[in-house]
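Input: a single structure, listed below in structure tokens.
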Amino acid sequence: MPEQKPVQRRTNTTLNAYSGTFGRTEVLHLLRRTLFGFDFAQIKDFEKLSLEQAVDTLLTAPSSAPTPPLNNYSLRTPDPNVKFGETWIDAPWDANFENQRKFSLKAWLFQQAAKKSHSLHEKMALFWHHHFATETLVVNLAVNSYSHHTLLRTHAFGNFKSFVRAITIDSAMLDYLNGRLNTKKAPDENYARELQELFTLGKGSDSQYTEDDVKAMARVLTGWTVNFLNKPYPSAFVSQNHDSNDKLFSTFYGQNILKGRTGATAGDLELNDLMDMLFSKDTVIAKHICRKLYRMFVYYDISADEETTIIEPLAQYFIDQKWEIKPVLKKLFMSEHFFDTLNQSCIIKDPISHLAGFLRQMQMEYPNNDVDTEYSIYQLGRYYGELLQLDLGDPPNVSGWSAYYQAPLYHRTWINADTFPKRNQFCDFLLYVGYVKNGYKFAVDPMSVMAQTSNPVNPDDLIADLCTWLLAMPLTSTKKAELKAILLPGGIPDYNWSDAWYAANDPQNADHAAQKAAVLSKSQALLKAITNLAEYQLS
Amino acid sequence: MKRRSFLKASSAATVAFGAYKAKALAESPLLGALRRRGNANDHILVLIQLNGGNDGLNTLIPLDQYNNLSKARTHVLIPDTKVASLKGYSGTGIHPALTGMKSLFDNGLVSAVHSVGYPQPNFSHFRSTDIWMSGSDSNETWTTGWMGRYLDQRFPGFPEDYPNADMPDPLGIQIGNAVSMTFMGSEANMGMVLSSVDAFYDLVAGGDASGSTPSTPAEEELAYLRMLAAQTNAFTDVVKDAASKGKNLSTKYPNGNGLADQLKIVAKLINGGLKTPVYMVSMGGFDTHANQVDTSDTSKGSHANLMKTLGDAVLAFQDDLQLLGHADRVAGMTFSEFGRRIMDNASNGTDHGAAAPLFVFGTGVQSGIIGKNPTIASTVTVNDNVPMQFDFRQVYASVLQDWFELSPEEVNAAMGGKTFNTLPIFKSNPAGLEDYLDLVSRISISEPYPNPAIEACKVRISSDGGQVELKLFDPLGRELRVLLDERVVPGEQEIEVDLRGLRPGNYVLQLAQGPNRQSRIISKR
């Protein structure tokens with residue numbers, strides 16, 4: 001590696017509103033960071049908007065909830081409670097089908113990511129999936145995991161304090177971190193620890209809760225469990241299992257005593273008290289969450305400078321907004337710091353942004369009324385996510401994906417000798433081979449991708465558009481010339497491409513079939529060359 | 001003068017310290033250090049990570065504590081009639097499903113180390129894993145790994161100009177899809193991740209901006225991507241070559257055993273001629289908070305399945321190495337981020353704990369058990385933990401000194417500037433195992449009296465003299481009081497332990513001299 005010169009990280013920008021041009025460069029930066037990927041037309045959609053309108057559009061959740069996950073699994077062995085092609089979320093749990101339902105849910109999660117959208121909502125759902133991590137393969141019931149992922153979407157742009165409260169007594173979370181087994185006779189510290197260490201306070205030097213606080217918090221939460229007897233298997237509070245003694249906390253919490261309570265309402269009331277006490281450590285919590293947002297959307301490296309100029313005021317704003325998430329995101333995405341050129345193009349795409357992003361860019365089409373085929377395609381995407389180390393529905397553990405928190409590599413963790421080739425392989429497979437199921441071919445139509453751009457008949461315009469759209473960093477003229485040589489080998493004149501393009505798009509042309517074949521293979525090769533570049537991995 | 005440094009200074013060590021077993025000079029690290037003269041040996045280490053925190057008390061079972069253990073573990077205790085025996089150790093048994101490890105142990109190929117941990121244990125998976133991988137103290141956050149620092153010294157300048165003629169192969173190989181912090185060096189991660197040796201892909205490595213120094217974060221990330229692509233292509237070629245030349249000869253590899261599949265790749269690559277000195281494999285599922293055992297038969301269940309997977313995989317791997325003729329070059333070592341609580345929970349499981357045993361195996365180890373069975377109090381409370389007898393970094397230092405034959409300075413650098421006394425894990429360590437146990441007994445601490453106690457109790461300690469420490473810890477391993485930290489004269493003395501101001505419960509009193517520790521439990525009323 002070349003001698004390491006200190007990289008310019010010291011930005012001079014602040015959270016003040018960005019007042020510069022909101023042109024194509026800025027639109028592309030904003031969309032790359034907030035969407036899993038976008039087609040060329042979406043750039044134009046956003047170019048019509050002001051920055052504030054663009055951010056407001058991104059911060060608008062979809063107006064309706066998505067179609068729930070469907071039974072894609074019982075073609076051979078019928079599920080007595082759910083017909084093939086219908087949703088299983090209202091069905092009673094069934095040990096014979098739980099695993100298939102979990103994989104249906106995981107495919108559904110990929111479907112949500114791959115769906116065309118103008119909203120940040122789905123990417124925030126991934127952010128919260130990482131933050132409040134649970135694993136579908138560990139949580140007993142598929143429907144509890146489905147409700148959990150619905151909860152993540154309900155609160156994605158909502159109020160963080162309400163969110164934490166809801167997560168604490170979410171059936172999937174109670175199951176995942178043993179909260180359902182937490183009783184006064186056998187207190188289980190698992191959730192109480194992660195609630196502080198991961199979900200709210202973090203592990204920074206200002207987070208000084210003690211082991212005894214973990215134990216006391218576990219005692220506050222005794223009695224909460226999951227009702228596995230009745231649909232939809234909600235959380236329940238069993239007062240006989242609740243520790244009704246007072247709970248004493250350390251000096252970190254001001255030696256607070258949470259009053260022990262009895263009876264059916266004890267669980268709710270003590271949980272309210274607990275939330276109030278926990279959120280009294282407002283600065284610690286707000287900074288922890290703002291750092292995570294920063295690492296997801298701006299850059300992983302937070303220097304002492306950015307800690308002071310960005311994280312601290314953003315955290316204070318979060319507190320001032322009474323834990324509302326949306327205003328914080330709006331402030332961040334409209335800030336001059338977000339558009340600082342030093343913060344552009346420096347995030348290595350997470351696997352879902354790579355996979356779902358590619359599918360969105362290529363405007364892939366999915367079969368209608370064929371659940372088996374459709375879910376097989378989502379399953380392919382999910383499977384590649386697993387290979388690339390982001391298995392939707394199943395983070396490696398309760399701390400989520402290490403790329404979002406593990407120094408010093410952070411996002412670089414996504415890329416290694418195993419995953420990097422597989423990123424290319426996914427694109428190449430869909431460009432050259434395609435996935436075939438039940439006679440349906442799921443493959444990139446390279447010519448329609450080219451046709452999205454402003455002037456595909458001109459090779460220079462075509463390459464320029466493809467590069468600004470698909471690559472986060474500009475290529476040198478040498479590199480662009482190499483790409484052009486894919487279309488026009490040996491330096492033959494541009495009109496050869498133009499003629500071929502016209503002929504390929506004109507069925508009446510005498511040369512149509514031959515030219516279409518030529519344009520197709522060159523388009524495939526060009527898209528492969530672009531998506532295999534290191535620059536394609538950046539966002 | 002410390003024993004170790006005295007030994008290093010004098011070739012007459014075996015005479016001066018009659019208690020030490022006379023060792024063949026050929027196996028001494030002195031000669032090893034002379035022999036290598038800057039050239040590393042061809043030894044290989046295979047790290048086996050057990051993710052989630054393995055229940056040590058159900059792995060290596062202290063039969064001499066069984067009565068008290070049965071009171072503390074009413075759900076997950078394995079019936080003593082079912083606990084498997086270990087040749088030569090009547091007081092210690094092994095999980096009945098860990099037959100593979102037992103078989104290797106009985107054949108003289110395993111060094112089991114009792115109660116390995118670190119001071120001020122952390123009960124978070126992530127922190128504790130980072131501590132084990134980095135080798136830091138509990139209250140430090142390091143970003144480099146212990147193997148990364150070792151490889152940094154052995155292959156300076158990595159990744160620039162690697163691979164090269166001297167080192168054409170990956171420095172470390174991790175089987176799986178994600179690279180571990182263990183391999184993190186000062187500049188780069190030294191581990192190459194491999195999920196299989198059957199499929200490889202060419203990456204676009206070039207970039208026309210290569211060679212210029214990155215000046216923005218985006219350029220820096222781009223340079224990283226390009227460097228990784230170039231290196232992957234180069235290492236891929238050698239791994240592909242090794243995989244095609246290498247063989248597996250053992251018929252013992254079980255089907256459906258993920259760990260065995262990983263170790264099979266390792267054996268094949270070693271056989272194929274890779275010079276890679278460190279491999280890492282892993283298995284998960286050890287976070288057994290619930291349903292660790294079957295209620296109808298506690299020798300079965302999820303932990304038993306894990307034990308079987310581990311044992312069968314290791315047994316097949318060792319068999320393969322022997323058939324392939326590489327057994328003398330390879331040592332394996334298990335580790336887990338922590339053990340589990342002494343008392344079990346109502347979910348038929350166990351919660352996060354502290355120290356636990358680990359295994360080192362291979363023909364190079366001194367077979368046997370290092371240390372003593374952990375002491376289990378007659379009344380165990382929910383917070384009580386197995387106190388540490390050995391720091392995990394003593395094991396690391398032993399690997400570096402006695403297996404990789406590094407000089408003390410190199411060991412020190414790999415350990416991040418900290419010094420740890422080695423343990424007689426490998427045959428090349430000058431301390432014999434029996435002598436080591438003898439050495440342990442040179443310091444001794446009596447049962448406290450009275451016990452339980454209200455305000456104070458007393459203990460008698462004895463030693464051969466020298467620097468000794470007597471400390472009081474809470475059950476979570478936090479140091480509460482230093483009762484003694486001084487040079488003492490040989491012989492016995494009585495020490496009073498003030499218990500005022502402590503909450504009722506169990507406390508651990510630990511006497512330490514160098515690497516040797518003995519603990520007693522005090523119950524405060």
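Just remember, in the structure tokens the first chain shown is A, the second B, etc., residues are 1-based per chain, and ligands are 1-based in the order shown.
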
Can you list, as an mmCIF file with C-alpha atoms, in the first residue's frame, every protein, DNA or RNA residue that comes within 10 Å of A:Leu258 when you count only C-alpha atoms, leaving out same-chain residues fewer than 4 positions away?
```
data_model
loop_
_atom_site.group_PDB
_atom_site.id
_atom_site.type_symbol
_atom_site.label_atom_id
_atom_site.label_comp_id
_atom_site.auth_asym_id
_atom_site.auth_seq_id
_atom_site.Cartn_x
_atom_site.Cartn_y
_atom_site.Cartn_z
ATOM 1 C CA ALA A 216 -32.201 -4.405 38.473
ATOM 2 C CA MET A 217 -33.557 -3.653 35.016
ATOM 3 C CA VAL A 220 -38.297 -4.532 36.411
ATOM 4 C CA ASN A 245 -39.852 -5.387 45.178
ATOM 5 C CA ASP A 246 -38.375 -1.940 44.692
ATOM 6 C CA LYS A 247 -35.432 -1.820 42.293
ATOM 7 C CA LEU A 248 -32.418 0.263 43.173
ATOM 8 C CA PHE A 249 -30.185 1.673 40.444
ATOM 9 C CA GLU A 270 -43.011 -0.206 35.815
ATOM 10 C CA LEU A 271 -42.134 -0.211 32.128
ATOM 11 C CA ASP A 273 -41.122 4.291 34.919
ATOM 12 C CA LEU A 274 -38.206 2.415 33.390
ATOM 13 C CA MET A 277 -35.550 6.746 33.946
#
```

Excluding B:Tyr224 and its own-chain neighbours fewer than 5 positions away, which residues fall within 12 Å of it when counting only C-alpha atoms? Please give them as a short mmCIF file (atom, residue, chain, number, x, y, z; two decimals) with C-alpha atoms, in the first residue's frame.
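What follows is the written file selection_27.cif:
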```
data_model
loop_
_atom_site.label_atom_id
_atom_site.label_comp_id
_atom_site.auth_asym_id
_atom_site.auth_seq_id
_atom_site.Cartn_x
_atom_site.Cartn_y
_atom_site.Cartn_z
CA MET A 1 0.00 0.00 0.00
CA PRO A 2 1.28 3.47 -0.73
CA GLN A 4 -0.40 6.54 4.26
CA CYS A 346 -17.11 7.24 0.49
CA ILE A 347 -19.54 4.58 1.67
CA ILE A 348 -19.02 1.01 0.51
CA LEU A 409 -12.85 -1.54 9.10
CA HIS A 411 -18.10 -0.73 5.89
CA ARG A 412 -14.95 -2.28 4.49
CA THR A 413 -15.98 -5.42 6.35
CA TRP A 414 -18.53 -6.07 3.60
CA ILE A 415 -15.72 -6.60 1.11
CA ASN A 416 -13.40 -9.55 1.33
CA PHE A 420 -16.21 -9.24 -3.56
CA ALA A 534 -14.45 -0.95 -7.85
CA GLU A 535 -16.21 2.40 -8.27
CA GLN A 537 -19.14 -0.53 -4.95
CA LEU A 538 -19.15 3.02 -3.67
CA PRO B 159 -0.07 -5.64 2.24
CA GLU B 160 2.41 -3.74 0.11
CA GLU B 187 -2.34 -1.65 8.41
CA ALA B 188 -4.64 -4.30 7.11
CA ASN B 189 -6.45 -7.45 8.01
CA ALA B 205 -8.26 -5.11 -9.90
CA GLY B 206 -6.85 -2.30 -11.96
CA GLY B 207 -7.64 1.32 -11.77
CA SER B 210 -3.51 3.40 -8.78
CA THR B 213 -2.04 8.63 -2.81
CA PRO B 214 -5.66 8.91 -1.81
CA PRO B 217 -12.28 9.45 2.03
CA ALA B 218 -13.82 8.33 -1.27
CA GLU B 219 -10.39 7.85 -2.85
CA ALA B 229 -9.25 -7.08 -5.58
CA ALA B 230 -5.62 -7.34 -6.67
CA GLN B 231 -4.62 -9.33 -3.62
CA THR B 232 -7.61 -11.62 -3.87
#
```

Rows by chain and residue number, chain B within 8 Å of chain A, shortest pair, only C-alpha atoms, as a Markdown table:
```
| residue | atom | partner | partner_atom | distance |
| --- | --- | --- | --- | --- |
| B:Phe126 | CA | A:Ser399 | CA | 7.8 |
| B:Thr143 | CA | A:Pro408 | CA | 6.4 |
| B:Phe158 | CA | A:Met1 | CA | 7.9 |
| B:Pro159 | CA | A:Met1 | CA | 6.1 |
| B:Glu160 | CA | A:Met1 | CA | 4.4 |
| B:Asp161 | CA | A:Met1 | CA | 7.8 |
| B:Asn177 | CA | A:Asp418 | CA | 6.1 |
| B:Ala178 | CA | A:Asn416 | CA | 7.3 |
| B:Val179 | CA | A:Asn416 | CA | 7.6 |
| B:Met192 | CA | A:Ala417 | CA | 6.2 |
| B:Val193 | CA | A:Ala417 | CA | 5.7 |
| B:Leu194 | CA | A:Asp418 | CA | 5.7 |
| B:Ser195 | CA | A:Asp418 | CA | 6.6 |
| B:Phe200 | CA | A:Pro421 | CA | 7.6 |
| B:Tyr201 | CA | A:Pro421 | CA | 5.6 |
| B:Asp202 | CA | A:Pro421 | CA | 7.0 |
| B:Leu203 | CA | A:Pro421 | CA | 6.2 |
| B:Val204 | CA | A:Leu533 | CA | 6.2 |
| B:Ala205 | CA | A:Ala534 | CA | 7.7 |
| B:Asp208 | CA | A:Lys479 | CA | 7.0 |
| B:Gly211 | CA | A:Pro2 | CA | 6.9 |
| B:Ser212 | CA | A:Pro2 | CA | 7.8 |
| B:Thr213 | CA | A:Pro2 | CA | 6.5 |
| B:Pro214 | CA | A:Val7 | CA | 7.1 |
| B:Ser215 | CA | A:Val7 | CA | 5.3 |
| B:Thr216 | CA | A:Gln8 | CA | 5.7 |
| B:Pro217 | CA | A:Cys346 | CA | 5.5 |
| B:Ala218 | CA | A:Cys346 | CA | 3.9 |
| B:Glu219 | CA | A:Cys346 | CA | 7.5 |
| B:Glu220 | CA | A:Val7 | CA | 7.7 |
| B:Glu221 | CA | A:Cys346 | CA | 6.2 |
| B:Leu222 | CA | A:Ala534 | CA | 6.5 |
| B:Leu225 | CA | A:Ala534 | CA | 5.9 |
| B:Arg226 | CA | A:Ala534 | CA | 6.3 |
| B:Met227 | CA | A:Met1 | CA | 7.6 |
| B:Leu228 | CA | A:Asn416 | CA | 7.0 |
| B:Ala229 | CA | A:Ala417 | CA | 7.5 |
| B:Thr232 | CA | A:Ala417 | CA | 5.3 |
| B:His289 | CA | A:Asn178 | CA | 7.7 |
| B:Ala290 | CA | A:Asn178 | CA | 7.9 |
| B:Asn345 | CA | A:Ala186 | CA | 6.1 |
| B:Ala346 | CA | A:Ala186 | CA | 5.8 |
| B:Ser347 | CA | A:Leu181 | CA | 6.8 |
| B:Asp351 | CA | A:Asp188 | CA | 7.9 |
```

Store the residues of this selection in a file with N, CA and C atoms, as a CSV table (one decimal), in the first residue's frame.
```csv
chain,number,residue,atom,x,y,z
B,126,PHE,N,-19.9,-9.2,22.7
B,126,PHE,CA,-19.1,-8.5,21.7
B,126,PHE,C,-17.9,-8.0,22.3
B,143,THR,N,-7.8,-2.2,18.5
B,143,THR,CA,-8.3,-2.4,17.1
B,143,THR,C,-7.5,-3.5,16.4
B,158,PHE,N,3.1,-5.7,5.1
B,158,PHE,CA,1.9,-6.2,4.5
B,158,PHE,C,0.9,-5.1,4.5
B,159,PRO,N,0.1,-4.8,3.5
B,159,PRO,CA,-0.1,-5.6,2.2
B,159,PRO,C,0.8,-5.2,1.1
B,160,GLU,N,1.6,-4.2,1.3
B,160,GLU,CA,2.4,-3.7,0.1
B,160,GLU,C,3.4,-4.8,-0.3
B,161,ASP,N,3.4,-5.1,-1.6
B,161,ASP,CA,4.3,-6.1,-2.2
B,161,ASP,C,4.1,-7.5,-1.8
B,177,ASN,N,-17.2,-16.6,5.7
B,177,ASN,CA,-17.5,-15.5,4.8
B,177,ASN,C,-17.1,-14.2,5.4
B,178,ALA,N,-16.6,-14.2,6.6
B,178,ALA,CA,-16.3,-12.9,7.2
B,178,ALA,C,-15.0,-13.0,7.9
B,179,VAL,N,-14.2,-12.0,7.9
B,179,VAL,CA,-12.8,-12.1,8.4
B,179,VAL,C,-12.9,-11.6,9.9
B,192,MET,N,-7.4,-14.1,4.9
B,192,MET,CA,-8.1,-14.2,3.7
B,192,MET,C,-9.3,-15.1,4.0
B,193,VAL,N,-10.5,-14.7,3.5
B,193,VAL,CA,-11.7,-15.4,3.8
B,193,VAL,C,-12.0,-16.4,2.6
B,194,LEU,N,-12.2,-17.6,3.0
B,194,LEU,CA,-12.5,-18.6,2.0
B,194,LEU,C,-13.8,-19.3,2.4
B,195,SER,N,-14.8,-19.4,1.5
B,195,SER,CA,-15.9,-20.2,1.9
B,195,SER,C,-15.9,-21.6,1.2
B,200,PHE,N,-13.8,-19.9,-7.8
B,200,PHE,CA,-13.1,-18.7,-7.7
B,200,PHE,C,-13.5,-17.8,-8.9
B,201,TYR,N,-13.2,-16.5,-8.8
B,201,TYR,CA,-13.7,-15.5,-9.7
B,201,TYR,C,-12.7,-14.5,-9.9
B,202,ASP,N,-12.5,-14.0,-11.1
B,202,ASP,CA,-11.5,-13.0,-11.3
B,202,ASP,C,-12.1,-11.6,-11.1
B,203,LEU,N,-11.4,-10.8,-10.3
B,203,LEU,CA,-11.9,-9.5,-10.0
B,203,LEU,C,-11.2,-8.4,-10.9
B,204,VAL,N,-11.9,-7.3,-11.2
B,204,VAL,CA,-11.3,-6.2,-11.9
B,204,VAL,C,-10.4,-5.5,-10.8
B,205,ALA,N,-9.1,-5.7,-10.9
B,205,ALA,CA,-8.3,-5.1,-9.9
B,205,ALA,C,-7.7,-3.7,-10.3
B,208,ASP,N,-7.0,3.2,-13.1
B,208,ASP,CA,-6.0,4.1,-13.6
B,208,ASP,C,-5.5,5.1,-12.6
B,211,GLY,N,-1.6,4.0,-7.5
B,211,GLY,CA,-0.2,4.6,-7.4
B,211,GLY,C,-0.3,5.9,-6.8
B,212,SER,N,-1.4,6.7,-7.1
B,212,SER,CA,-1.5,8.0,-6.5
B,212,SER,C,-2.0,7.8,-5.1
B,213,THR,N,-1.6,8.7,-4.2
B,213,THR,CA,-2.0,8.6,-2.8
B,213,THR,C,-3.4,9.2,-2.6
B,214,PRO,N,-4.3,8.4,-2.0
B,214,PRO,CA,-5.7,8.9,-1.8
B,214,PRO,C,-5.7,10.2,-1.0
B,215,SER,N,-6.5,11.1,-1.4
B,215,SER,CA,-6.6,12.4,-0.6
B,215,SER,C,-8.0,12.7,-0.1
B,216,THR,N,-8.9,11.9,-0.4
B,216,THR,CA,-10.2,12.1,0.2
B,216,THR,C,-10.7,10.7,0.7
B,217,PRO,N,-11.7,10.7,1.6
B,217,PRO,CA,-12.3,9.4,2.0
B,217,PRO,C,-12.7,8.6,0.9
B,218,ALA,N,-13.4,9.1,-0.1
B,218,ALA,CA,-13.8,8.3,-1.3
B,218,ALA,C,-12.6,7.7,-2.0
B,219,GLU,N,-11.6,8.4,-2.2
B,219,GLU,CA,-10.4,7.8,-2.8
B,219,GLU,C,-9.8,6.8,-2.0
B,220,GLU,N,-9.8,7.0,-0.7
B,220,GLU,CA,-9.3,6.0,0.2
B,220,GLU,C,-10.1,4.7,0.1
B,221,GLU,N,-11.4,4.8,0.1
B,221,GLU,CA,-12.2,3.6,0.0
B,221,GLU,C,-11.9,2.9,-1.3
B,222,LEU,N,-11.8,3.7,-2.3
B,222,LEU,CA,-11.6,3.1,-3.7
B,222,LEU,C,-10.2,2.4,-3.7
B,225,LEU,N,-10.6,-1.0,-2.1
B,225,LEU,CA,-11.3,-1.9,-2.9
B,225,LEU,C,-10.4,-2.5,-4.0
B,226,ARG,N,-9.6,-1.6,-4.6
B,226,ARG,CA,-8.7,-2.1,-5.6
B,226,ARG,C,-7.6,-3.0,-5.1
B,227,MET,N,-7.1,-2.6,-3.9
B,227,MET,CA,-6.0,-3.4,-3.3
B,227,MET,C,-6.5,-4.8,-3.0
B,228,LEU,N,-7.8,-4.8,-2.4
B,228,LEU,CA,-8.3,-6.1,-2.0
B,228,LEU,C,-8.6,-6.9,-3.3
B,229,ALA,N,-9.0,-6.3,-4.4
B,229,ALA,CA,-9.3,-7.1,-5.6
B,229,ALA,C,-8.0,-7.7,-6.1
B,232,THR,N,-6.7,-10.4,-3.8
B,232,THR,CA,-7.6,-11.6,-3.9
B,232,THR,C,-7.3,-12.4,-5.1
B,289,HIS,N,-28.6,-20.0,26.7
B,289,HIS,CA,-29.5,-19.5,27.8
B,289,HIS,C,-30.6,-20.4,28.1
B,290,ALA,N,-31.1,-21.1,27.1
B,290,ALA,CA,-32.3,-21.9,27.3
B,290,ALA,C,-32.2,-23.2,26.6
B,345,ASN,N,-30.1,-21.7,35.0
B,345,ASN,CA,-31.4,-20.9,35.1
B,345,ASN,C,-32.6,-21.8,34.9
B,346,ALA,N,-33.8,-21.2,35.1
B,346,ALA,CA,-35.0,-22.0,35.1
B,346,ALA,C,-35.4,-22.4,33.7
B,347,SER,N,-34.7,-21.9,32.7
B,347,SER,CA,-35.0,-22.3,31.3
B,347,SER,C,-34.1,-23.5,30.8
B,351,ASP,N,-26.5,-18.8,32.0
B,351,ASP,CA,-26.2,-17.4,31.5
B,351,ASP,C,-24.7,-17.1,31.4
```

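Shortest separation to A:Met124 among A:Phe429, A:Tyr209, A:Phe338, A:Phe36 occurs at residue A:Phe36, atoms counted being only C-alpha atoms.
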
query = Can you list, as JSON, numbers by chain, every residue of stretch 264-507 of chain A that DSSP puts in helix (DSSP H, G or I)?
reply = {"A": [266, 267, 268, 269, 270, 271, 272, 273, 274, 275, 276, 277, 278, 279, 282, 283, 284, 285, 286, 287, 288, 289, 290, 291, 292, 293, 294, 295, 296, 297, 304, 305, 306, 307, 308, 309, 310, 311, 312, 313, 314, 315, 316, 317, 318, 319, 320, 325, 326, 327, 328, 329, 330, 331, 332, 333, 341, 342, 343, 351, 352, 353, 354, 355, 356, 357, 358, 359, 360, 361, 371, 372, 373, 374, 375, 376, 377, 378, 379, 380, 381, 382, 383, 384, 385, 386, 387, 402, 403, 404, 410, 411, 412, 413, 414, 419, 420, 421, 422, 423, 424, 425, 426, 427, 428, 429, 430, 431, 432, 433, 446, 447, 448, 449, 450, 451, 452, 459, 460, 461, 462, 463, 464, 465, 466, 467, 468, 469, 470, 477, 478, 479, 480, 481, 482, 483, 484, 485, 486, 487, 489, 490, 491, 495, 496, 497, 498, 499, 500, 501, 502, 503, 504]}

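Near B:Ile94, within 7 Å and counting only C-alpha atoms, sit Thr59, Leu60, Ile61, Val83, Ala84, Ser85 and Leu86 of chain B; same-chain residues fewer than 6 positions away were not included.
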
Can I get the selection written as a PDB file, in the first residue's frame, with N, CA and C atoms?
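Output saved as part-v3.pdb:
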```pdb
ATOM      1  N   THR B  59     -18.332 -29.009  30.209  1.00  0.00           N
ATOM      2  CA  THR B  59     -17.388 -29.507  29.208  1.00  0.00           C
ATOM      3  C   THR B  59     -16.308 -30.337  29.894  1.00  0.00           C
ATOM      4  N   LEU B  60     -15.607 -29.690  30.817  1.00  0.00           N
ATOM      5  CA  LEU B  60     -14.592 -30.377  31.620  1.00  0.00           C
ATOM      6  C   LEU B  60     -15.167 -30.369  33.041  1.00  0.00           C
ATOM      7  N   ILE B  61     -15.589 -31.502  33.488  1.00  0.00           N
ATOM      8  CA  ILE B  61     -16.466 -31.526  34.665  1.00  0.00           C
ATOM      9  C   ILE B  61     -15.676 -31.862  35.940  1.00  0.00           C
ATOM     10  N   VAL B  83     -20.860 -39.070  32.951  1.00  0.00           N
ATOM     11  CA  VAL B  83     -19.696 -38.248  32.607  1.00  0.00           C
ATOM     12  C   VAL B  83     -18.565 -39.165  32.129  1.00  0.00           C
ATOM     13  N   ALA B  84     -17.927 -38.811  31.024  1.00  0.00           N
ATOM     14  CA  ALA B  84     -16.853 -39.651  30.493  1.00  0.00           C
ATOM     15  C   ALA B  84     -15.557 -39.395  31.267  1.00  0.00           C
ATOM     16  N   SER B  85     -14.748 -40.422  31.387  1.00  0.00           N
ATOM     17  CA  SER B  85     -13.514 -40.297  32.158  1.00  0.00           C
ATOM     18  C   SER B  85     -12.370 -39.805  31.272  1.00  0.00           C
ATOM     19  N   LEU B  86     -11.346 -39.274  31.913  1.00  0.00           N
ATOM     20  CA  LEU B  86     -10.134 -38.872  31.206  1.00  0.00           C
ATOM     21  C   LEU B  86      -8.982 -39.676  31.780  1.00  0.00           C
TER      22      LEU B  86
END
```

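Across A:Glu307, A:Asp56, A:Asp350, A:Asp94, the tightest approach to A:Leu120 is made by A:Asp56 when counting only C-alpha atoms.
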
task = Tell me, as a PyMOL selection string, which residues lie within 9 Å of stretch 140-157 of chain A, counting only C-alpha atoms; anything in the same chain fewer than 5 positions away does not count.
result = chain A and resi 59-61+65+68-69+88-95+98-103+105+109+121-122+124-129+132+134-135+162-163+166-167+170-173+175-176+228+232-234+324-327+329+393

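Note that the spacing between atom CA of A:Pro395 and atom CA of A:Ser207 amounts to 24.5 Å.
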
Long-range neighbours of B:Ile78 as an NGL selection string, 10 Å cut-off, only C-alpha atoms, 2 positions minimum in chain = :B and (58 or 61 or 66 or 70 or 73-76 or 80-83 or 95-96 or 293 or 297-300)

Within 9 Å of B:Arg127 using only C-alpha atoms, minus same-chain residues under 4 positions, as JSON, numbers by chain = {"B": [122, 123, 131, 132, 138, 141, 337]}

Test item: residues at most 8 Å from A:Gly202, only C-alpha atoms, excluding those fewer than 6 positions along its chain, as an mmCIF file with C-alpha atoms, in the first residue's frame:
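Written file, out-v3.cif:
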```cif
data_model
loop_
_atom_site.group_PDB
_atom_site.id
_atom_site.type_symbol
_atom_site.label_atom_id
_atom_site.label_comp_id
_atom_site.auth_asym_id
_atom_site.auth_seq_id
_atom_site.Cartn_x
_atom_site.Cartn_y
_atom_site.Cartn_z
ATOM 1 C CA GLN A 196 -28.734 -0.481 27.549
ATOM 2 C CA VAL A 284 -26.061 9.554 26.119
ATOM 3 C CA ILE A 285 -28.909 7.950 24.189
ATOM 4 C CA HIS A 288 -25.488 6.919 20.493
#
```

inquiry  = Which residue is closest to B:Phe420? Choose from B:Gln394, B:Gln513, B:Ser444, B:Asn506 and count only C-alpha atoms.
reply    = B:Gln394

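Here atom CA of B:Ile270 and atom CA of B:Ala327 stand 10.5 Å from one another.
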
task = May I have all residues of stretch 136-326 of chain B that DSSP, computed from the backbone, assigns to strand (DSSP E), given as a PyMOL selection string?
result = chain B and resi 172-175+191-194+278-283

Please save C-alpha atoms of the selected residues as a compact mmCIF listing (two decimals), in the first residue's frame.
```
# COMPACT_ATOMS: atom_id res chain seq x y z
CA GLY B 172 -3.91 -16.22 7.52
CA ILE B 173 -6.94 -18.07 6.23
CA GLN B 174 -10.34 -17.89 7.77
CA ILE B 175 -12.87 -20.44 6.60
CA GLY B 191 -6.81 -12.98 7.00
CA MET B 192 -8.12 -14.20 3.67
CA VAL B 193 -11.68 -15.42 3.80
CA LEU B 194 -12.54 -18.59 1.97
CA VAL B 278 -2.58 -19.53 10.85
CA TYR B 279 -6.04 -20.82 10.07
CA MET B 280 -9.27 -20.00 11.80
CA VAL B 281 -12.53 -21.92 11.77
CA SER B 282 -15.62 -21.43 13.86
CA MET B 283 -18.89 -22.87 15.03
```
